[in-house]
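Next comes my_file14.csv, with CSV, C-alpha atoms.
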chain,number,residue,atom,x,y,z
A,1,MET,CA,0.0,0.0,0.0
A,2,GLN,CA,2.8,2.3,-0.9
A,3,ASN,CA,2.0,5.8,-2.1
A,4,LEU,CA,-1.6,5.2,-1.3
A,5,ALA,CA,-2.7,8.8,-1.0
A,6,SER,CA,-0.8,10.0,-4.0
A,7,SER,CA,-2.7,7.9,-6.5
A,8,PRO,CA,-4.7,10.2,-8.8
A,9,LEU,CA,-7.1,7.3,-9.5
A,10,LEU,CA,-8.4,6.8,-6.0
A,11,ASP,CA,-10.3,9.9,-4.8
A,12,ALA,CA,-11.6,7.9,-1.8
A,13,GLU,CA,-8.1,7.2,-0.5
A,14,ALA,CA,-7.0,10.8,-1.1
A,15,LEU,CA,-10.0,12.0,0.8
A,16,ILE,CA,-9.4,9.7,3.7
A,17,SER,CA,-5.7,10.5,3.9
A,18,GLY,CA,-6.5,14.2,3.9
A,19,PHE,CA,-9.5,14.5,6.1
A,20,GLY,CA,-9.8,11.2,8.0
A,21,LEU,CA,-13.0,10.0,9.6
A,22,LEU,CA,-14.6,13.5,9.4
A,23,GLY,CA,-14.0,13.5,5.7
A,24,ILE,CA,-15.7,10.1,5.3
A,25,MET,CA,-18.7,11.4,7.3
A,26,ALA,CA,-19.0,14.6,5.3
A,27,THR,CA,-18.9,12.7,2.0
A,28,VAL,CA,-21.4,10.1,3.1
A,29,PHE,CA,-23.8,12.8,4.4
A,30,ALA,CA,-23.5,14.8,1.1
A,31,GLU,CA,-24.0,11.8,-1.2
A,32,SER,CA,-27.0,10.7,0.9
A,33,GLY,CA,-28.9,14.0,0.9
A,34,LEU,CA,-27.5,16.7,-1.4
A,35,ILE,CA,-28.9,16.4,-4.9
A,36,VAL,CA,-25.7,17.8,-6.5
A,37,CYS,CA,-23.4,15.2,-4.8
A,38,PHE,CA,-24.7,12.0,-6.4
A,39,PHE,CA,-21.2,11.5,-8.1
A,40,LEU,CA,-19.3,11.1,-4.8
A,41,PRO,CA,-17.5,7.7,-4.2
A,42,GLY,CA,-19.8,6.1,-1.6
A,43,ASP,CA,-19.2,2.4,-2.0
A,44,SER,CA,-15.5,2.6,-2.7
A,45,LEU,CA,-15.1,5.1,0.2
A,46,LEU,CA,-16.5,2.6,2.7
A,47,PHE,CA,-14.6,-0.3,1.2
A,48,THR,CA,-11.4,1.7,1.3
A,49,ALA,CA,-12.1,2.8,4.9
A,50,GLY,CA,-12.2,-0.8,6.0
A,51,LEU,CA,-8.9,-1.5,4.1
A,52,LEU,CA,-7.2,1.4,5.9
A,53,VAL,CA,-8.5,0.4,9.3
A,54,ALA,CA,-7.2,-3.1,8.8
A,55,ASN,CA,-3.8,-1.8,7.9
A,56,ASP,CA,-3.8,1.1,10.5
A,57,GLN,CA,-3.2,3.7,7.8
A,58,PHE,CA,-4.7,7.2,8.0
A,59,LEU,CA,-7.6,5.8,10.1
A,60,HIS,CA,-6.5,4.9,13.6
A,61,GLN,CA,-10.0,4.6,15.1
A,62,PRO,CA,-11.5,1.2,16.1
A,63,LEU,CA,-13.6,-0.5,13.4
A,64,TRP,CA,-16.8,-0.2,15.4
A,65,LEU,CA,-16.4,3.5,15.7
A,66,VAL,CA,-15.8,4.0,12.0
A,67,MET,CA,-18.9,1.9,11.1
A,68,LEU,CA,-21.0,3.8,13.6
A,69,ALA,CA,-19.9,7.2,12.4
A,70,ILE,CA,-20.6,6.2,8.8
A,71,ALA,CA,-24.1,4.9,9.7
A,72,VAL,CA,-24.9,8.1,11.6
A,73,ALA,CA,-23.8,10.3,8.7
A,74,ALA,CA,-25.9,8.2,6.2
A,75,VAL,CA,-29.0,8.5,8.4
A,76,LEU,CA,-28.6,12.2,8.8
A,77,GLY,CA,-27.9,12.7,5.1
A,78,ASP,CA,-31.1,10.8,4.2
A,79,GLN,CA,-33.0,12.9,6.7
A,80,PHE,CA,-31.8,16.1,5.0
A,81,GLY,CA,-32.8,14.6,1.6
A,82,TYR,CA,-36.3,13.7,2.8
A,83,ALA,CA,-36.8,17.2,4.3
A,84,PHE,CA,-35.6,18.8,1.0
A,85,GLY,CA,-38.0,16.6,-1.0
A,86,ARG,CA,-40.9,17.6,1.1
A,87,LYS,CA,-40.0,21.2,0.7
A,88,VAL,CA,-39.5,21.3,-3.1
A,89,GLY,CA,-42.3,18.8,-3.8
A,90,SER,CA,-43.2,18.0,-7.4
A,91,ALA,CA,-41.2,21.0,-8.6
A,92,LEU,CA,-38.1,18.7,-8.5
A,93,PHE,CA,-39.5,16.9,-11.6
A,94,ARG,CA,-39.9,20.2,-13.5
A,95,ARG,CA,-36.3,21.4,-12.8
A,96,PRO,CA,-34.3,21.9,-16.0
A,97,ASN,CA,-31.2,19.8,-16.6
A,98,SER,CA,-27.8,21.2,-15.5
A,99,ARG,CA,-24.3,20.0,-15.0
A,100,PHE,CA,-25.1,18.5,-11.7
A,101,PHE,CA,-28.7,17.5,-12.2
A,102,LYS,CA,-30.3,15.2,-14.8
A,103,GLN,CA,-34.0,15.0,-14.9
A,104,GLU,CA,-33.8,11.3,-15.9
A,105,ASN,CA,-32.1,10.5,-12.6
A,106,ALA,CA,-35.1,11.9,-10.6
A,107,GLU,CA,-37.6,10.1,-12.9
A,108,ARG,CA,-35.8,6.8,-12.5
A,109,ALA,CA,-35.7,7.2,-8.8
A,110,GLN,CA,-39.4,7.9,-8.8
A,111,GLN,CA,-40.1,4.8,-10.8
A,112,PHE,CA,-37.9,2.7,-8.5
A,113,MET,CA,-39.7,4.0,-5.5
A,114,LEU,CA,-43.1,3.3,-7.0
A,115,LYS,CA,-42.1,-0.3,-7.8
A,116,HIS,CA,-40.5,-1.2,-4.5
A,117,GLY,CA,-42.1,1.1,-1.9
A,118,PRO,CA,-40.3,1.7,1.4
A,119,LYS,CA,-37.9,-1.2,0.6
A,120,ALA,CA,-36.4,1.1,-2.0
A,121,LEU,CA,-34.7,3.0,0.8
A,122,VAL,CA,-32.8,-0.1,1.7
A,123,MET,CA,-32.1,-1.3,-1.8
A,124,ALA,CA,-31.0,2.1,-3.0
A,125,ARG,CA,-28.3,2.3,-0.4
A,126,PHE,CA,-26.3,-0.1,-2.6
A,127,ILE,CA,-27.0,1.7,-5.9
A,128,PRO,CA,-25.1,4.8,-6.9
A,129,VAL,CA,-27.2,7.8,-7.8
A,130,PHE,CA,-30.4,6.2,-6.4
A,131,ARG,CA,-28.7,6.5,-3.0
A,132,THR,CA,-29.0,10.2,-3.4
A,133,PHE,CA,-32.3,10.6,-5.1
A,134,ILE,CA,-34.5,8.0,-3.3
A,135,PRO,CA,-34.7,9.8,0.1
A,136,ILE,CA,-35.5,13.0,-1.8
A,137,THR,CA,-38.2,11.2,-3.8
A,138,ALA,CA,-39.6,9.8,-0.5
A,139,GLY,CA,-40.0,13.4,0.7
A,140,VAL,CA,-41.6,14.5,-2.6
A,141,GLY,CA,-44.1,11.7,-2.3
A,142,ARG,CA,-44.6,12.6,1.4
A,143,MET,CA,-43.9,9.0,2.7
A,144,THR,CA,-45.0,8.6,6.3
A,145,TYR,CA,-42.0,9.8,8.4
A,146,ARG,CA,-42.1,6.9,10.8
A,147,THR,CA,-41.9,4.5,7.8
A,148,PHE,CA,-39.1,6.5,6.2
A,149,PHE,CA,-37.1,6.7,9.4
A,150,LEU,CA,-37.3,2.9,10.0
A,151,PHE,CA,-36.2,1.9,6.5
A,152,ASN,CA,-33.6,4.7,6.4
A,153,VAL,CA,-31.9,3.4,9.5
A,154,ILE,CA,-32.0,-0.2,8.3
A,155,GLY,CA,-30.5,0.7,4.9
A,156,ALA,CA,-27.8,2.9,6.5
A,157,VAL,CA,-26.7,0.3,9.0
A,158,LEU,CA,-26.6,-2.6,6.5
A,159,TRP,CA,-24.7,-0.5,3.9
A,160,SER,CA,-22.1,1.0,6.3
A,161,VAL,CA,-21.5,-2.3,8.2
A,162,SER,CA,-21.4,-4.6,5.2
A,163,LEU,CA,-19.1,-2.7,2.9
A,164,THR,CA,-16.7,-1.5,5.7
A,165,LEU,CA,-16.4,-5.1,7.0
A,166,VAL,CA,-15.7,-6.5,3.5
A,167,GLY,CA,-12.9,-3.9,3.1
A,168,TYR,CA,-11.6,-4.7,6.6
A,169,TYR,CA,-11.3,-8.4,6.2
A,170,LEU,CA,-10.1,-8.3,2.6
A,171,GLY,CA,-7.5,-5.7,3.8
A,172,GLN,CA,-5.8,-8.4,5.8
A,173,ILE,CA,-5.1,-10.5,2.7
A,174,ALA,CA,-1.7,-9.9,1.2
A,175,PHE,CA,-2.9,-10.1,-2.4
A,176,VAL,CA,-5.5,-7.4,-1.7
A,177,ARG,CA,-3.0,-5.1,0.0
A,178,ASP,CA,-0.6,-5.5,-3.0
A,179,ASN,CA,-3.3,-4.8,-5.6
A,180,ILE,CA,-5.4,-2.2,-3.8
A,181,GLU,CA,-5.8,0.2,-6.7
A,182,ALA,CA,-7.2,-2.6,-9.0
A,183,ILE,CA,-9.5,-3.8,-6.2
A,184,VAL,CA,-11.0,-0.4,-5.5
A,185,ILE,CA,-11.5,0.4,-9.1
A,186,GLY,CA,-13.2,-2.9,-9.5
A,187,ILE,CA,-15.5,-2.0,-6.6
A,188,VAL,CA,-16.4,1.3,-8.3
A,189,LEU,CA,-17.2,-0.5,-11.6
A,190,ILE,CA,-19.3,-3.2,-9.9
A,191,SER,CA,-21.3,-0.7,-7.9
A,192,GLY,CA,-22.4,0.9,-11.1
A,193,ILE,CA,-23.9,-2.3,-12.5
A,194,PRO,CA,-27.2,-2.2,-10.6
A,195,ILE,CA,-28.1,1.3,-11.9
A,196,ILE,CA,-27.3,0.2,-15.5
A,197,VAL,CA,-29.5,-2.9,-15.2
A,198,GLU,CA,-32.3,-0.9,-13.7
A,199,GLY,CA,-32.0,1.8,-16.4
A,200,ILE,CA,-32.3,-0.9,-19.1
A,201,LYS,CA,-35.3,-2.4,-17.4
A,202,MET,CA,-37.0,1.0,-17.2
A,203,ARG,CA,-36.4,1.7,-20.8
A,204,ARG,CA,-37.9,-1.7,-21.8
A,205,ARG,CA,-40.9,-1.1,-19.7
A,206,ALA,CA,-41.4,2.4,-21.2
A,207,ARG,CA,-41.1,1.0,-24.7
A,208,SER,CA,-43.6,-1.8,-23.9
A,209,ALA,CA,-46.0,0.7,-22.4
A,210,GLN,CA,-45.7,2.9,-25.5
A,211,ALA,CA,-46.2,0.0,-27.8
A,212,ALA,CA,-49.3,-1.1,-25.8
A,213,GLU,CA,-50.7,2.4,-26.0
A,214,GLN,CA,-50.3,2.6,-29.7
A,215,ALA,CA,-51.9,-0.8,-30.2
A,216,THR,CA,-55.0,0.1,-28.2
A,217,SER,CA,-55.4,3.6,-29.6
A,218,PRO,CA,-58.3,3.8,-32.1
A,219,ALA,CA,-57.3,4.1,-35.7
A,220,PRO,CA,-58.1,7.4,-37.4
A,221,SER,CA,-61.4,7.5,-39.1
A,222,ALA,CA,-61.3,7.5,-42.9
A,223,LEU,CA,-62.1,10.8,-44.5
A,224,PRO,CA,-65.0,10.8,-46.9
A,225,GLU,CA,-64.0,10.8,-50.5
A,226,LYS,CA,-64.8,14.0,-52.4
A,227,GLU,CA,-67.2,13.5,-55.3
A,228,LEU,CA,-65.6,14.4,-58.5
A,229,PRO,CA,-67.4,17.0,-60.6
A,230,ARG,CA,-69.2,15.6,-63.6
A,231,PRO,CA,-68.3,16.8,-67.0
Rewritten as structure tokens:
Amino acid sequence: MQNLASSPLLDAEALISGFGLLGIMATVFAESGLIVCFFLPGDSLLFTAGLLVANDQFLHQPLWLVMLAIAVAAVLGDQFGYAFGRKVGSALFRRPNSRFFKQENAERAQQFMLKHGPKALVMARFIPVFRTFIPITAGVGRMTYRTFFLFNVIGAVLWSVSLTLVGYYLGQIAFVRDNIEAIVIGIVLISGIPIIVEGIKMRRRARSAQAAEQATSPAPSALPEKELPRP
């Protein structure tokens, strides 16, 4: 794990080496609740945190404290996102596209929420982009706060504990320590697979719905032929 913090490819490691546990918490909070921060390295950040705790580099806190801090930041971030969604309401889905906001992300999150209900709060924790938009969408839809809070806590705890533990135990394997850059890049790529799959499914459903609508729409009535003038 030499020159770990200097690698230009691993923003997660550079962030941890520069800001420590507070940097992790701030990043998790932002990615969980700030609509413009969906691009932050959530999964790879937690995995890398576990690796660094296992090797006592940059993070010198006990593993349980790191996982607890991440879970608290995730819960608070979702709370902020939910409150933001309740405030902006349906106006979110009329917001124009910008560099940090794509309307399709909000629409996909809405469809995901409609399909899975409160469980989407747990599932979205493991899906980049959805992790940011689902709590906001729950606020827009005015999900009952008690239900939101319960599933928010469950998702945050499962996410923070599972990914950090995976990084911690793999970090004790010599092969992983010697190939950390490739491992973290692989985690980033793998974490993007669920949203790609979900996007493909949504497009297929949209096309099927469009085809069904066209099939059931009445055919245009034939126009009466004009009678030709007699010579």
Could you give me, as a PyMOL selection string, the residues within 6 Å of stretch 46-55 of chain A, counting all atoms listed in the file and dropping anything in the same chain fewer than 2 positions from it?
-> chain A and resi 43-44+57+59+163-164+167-168+171
Listing only residues of stretch 80-166 of chain A within 6 Å of stretch 20-37 of chain A, what is the closest atom pair and its distance in Å (to one decimal) for each, using all atoms listed in the file, sorted by chain and residue number ascending, as a tab-separated table?
residue	atom	partner	partner_atom	distance
A:Phe80	CA	A:Gly33	CA	5.4
A:Gly81	CA	A:Gly33	CA	4.0
A:Phe100	CA	A:Val36	CA	5.3
A:Arg131	CA	A:Ser32	CA	6.0
A:Thr132	CA	A:Ser32	CA	4.8
Closest to A:Pro128 among A:Arg142, A:Asn105, A:Phe151, A:Leu65, using all atoms listed in the file?
->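 Closest to A:Pro128 of all the choices is A:Asn105.
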Using all atoms listed in the file, which residue out of A:Ser162, A:Val176, A:Tyr82, A:Ala91 lies closest to A:Phe148?
-> A:Tyr82
Atom CA of A:Ser208 to atom CA of A:Leu92: how many Å, to one decimal?
->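 According to the coordinates, atom CA of A:Ser208 and atom CA of A:Leu92 are separated by 26.2 Å.
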Distance of atom CA of A:Thr147 from atom CA of A:Lys119, expressed in Å to one decimal place | 10.0 Å
Would you list the contacts of A:Arg86 as a VMD selection string, taking every protein, DNA or RNA residue within 9 Å and counting all atoms listed in the file, but skipping same-chain residues closer than 6 positions in sequence?
-> chain A and resid 136 to 142
Work out how far atom CA of A:Pro41 is from atom CA of A:Ile127, in Å to one decimal.
-> 11.4 Å
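Restricting the calculation to all atoms listed in the file, the smallest distance between A:Gly42 and any of A:Thr144, A:Ser160, A:Gln210, A:Gln79 is found for A:Ser160.
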Could you check which of A:Phe58, A:Val122, A:Leu76, A:Phe133 is closest to A:Lys102, using all atoms listed in the file?
->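 Comparing A:Phe58, A:Val122, A:Leu76, A:Phe133 against A:Lys102, the winner is A:Phe133.
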Sel. within 12 Å of pt (-28.1, 3.0, 10.3), counting all atoms listed in the file, output as a ChimeraX atom specification | /A:67-79,121-122,125,149-162
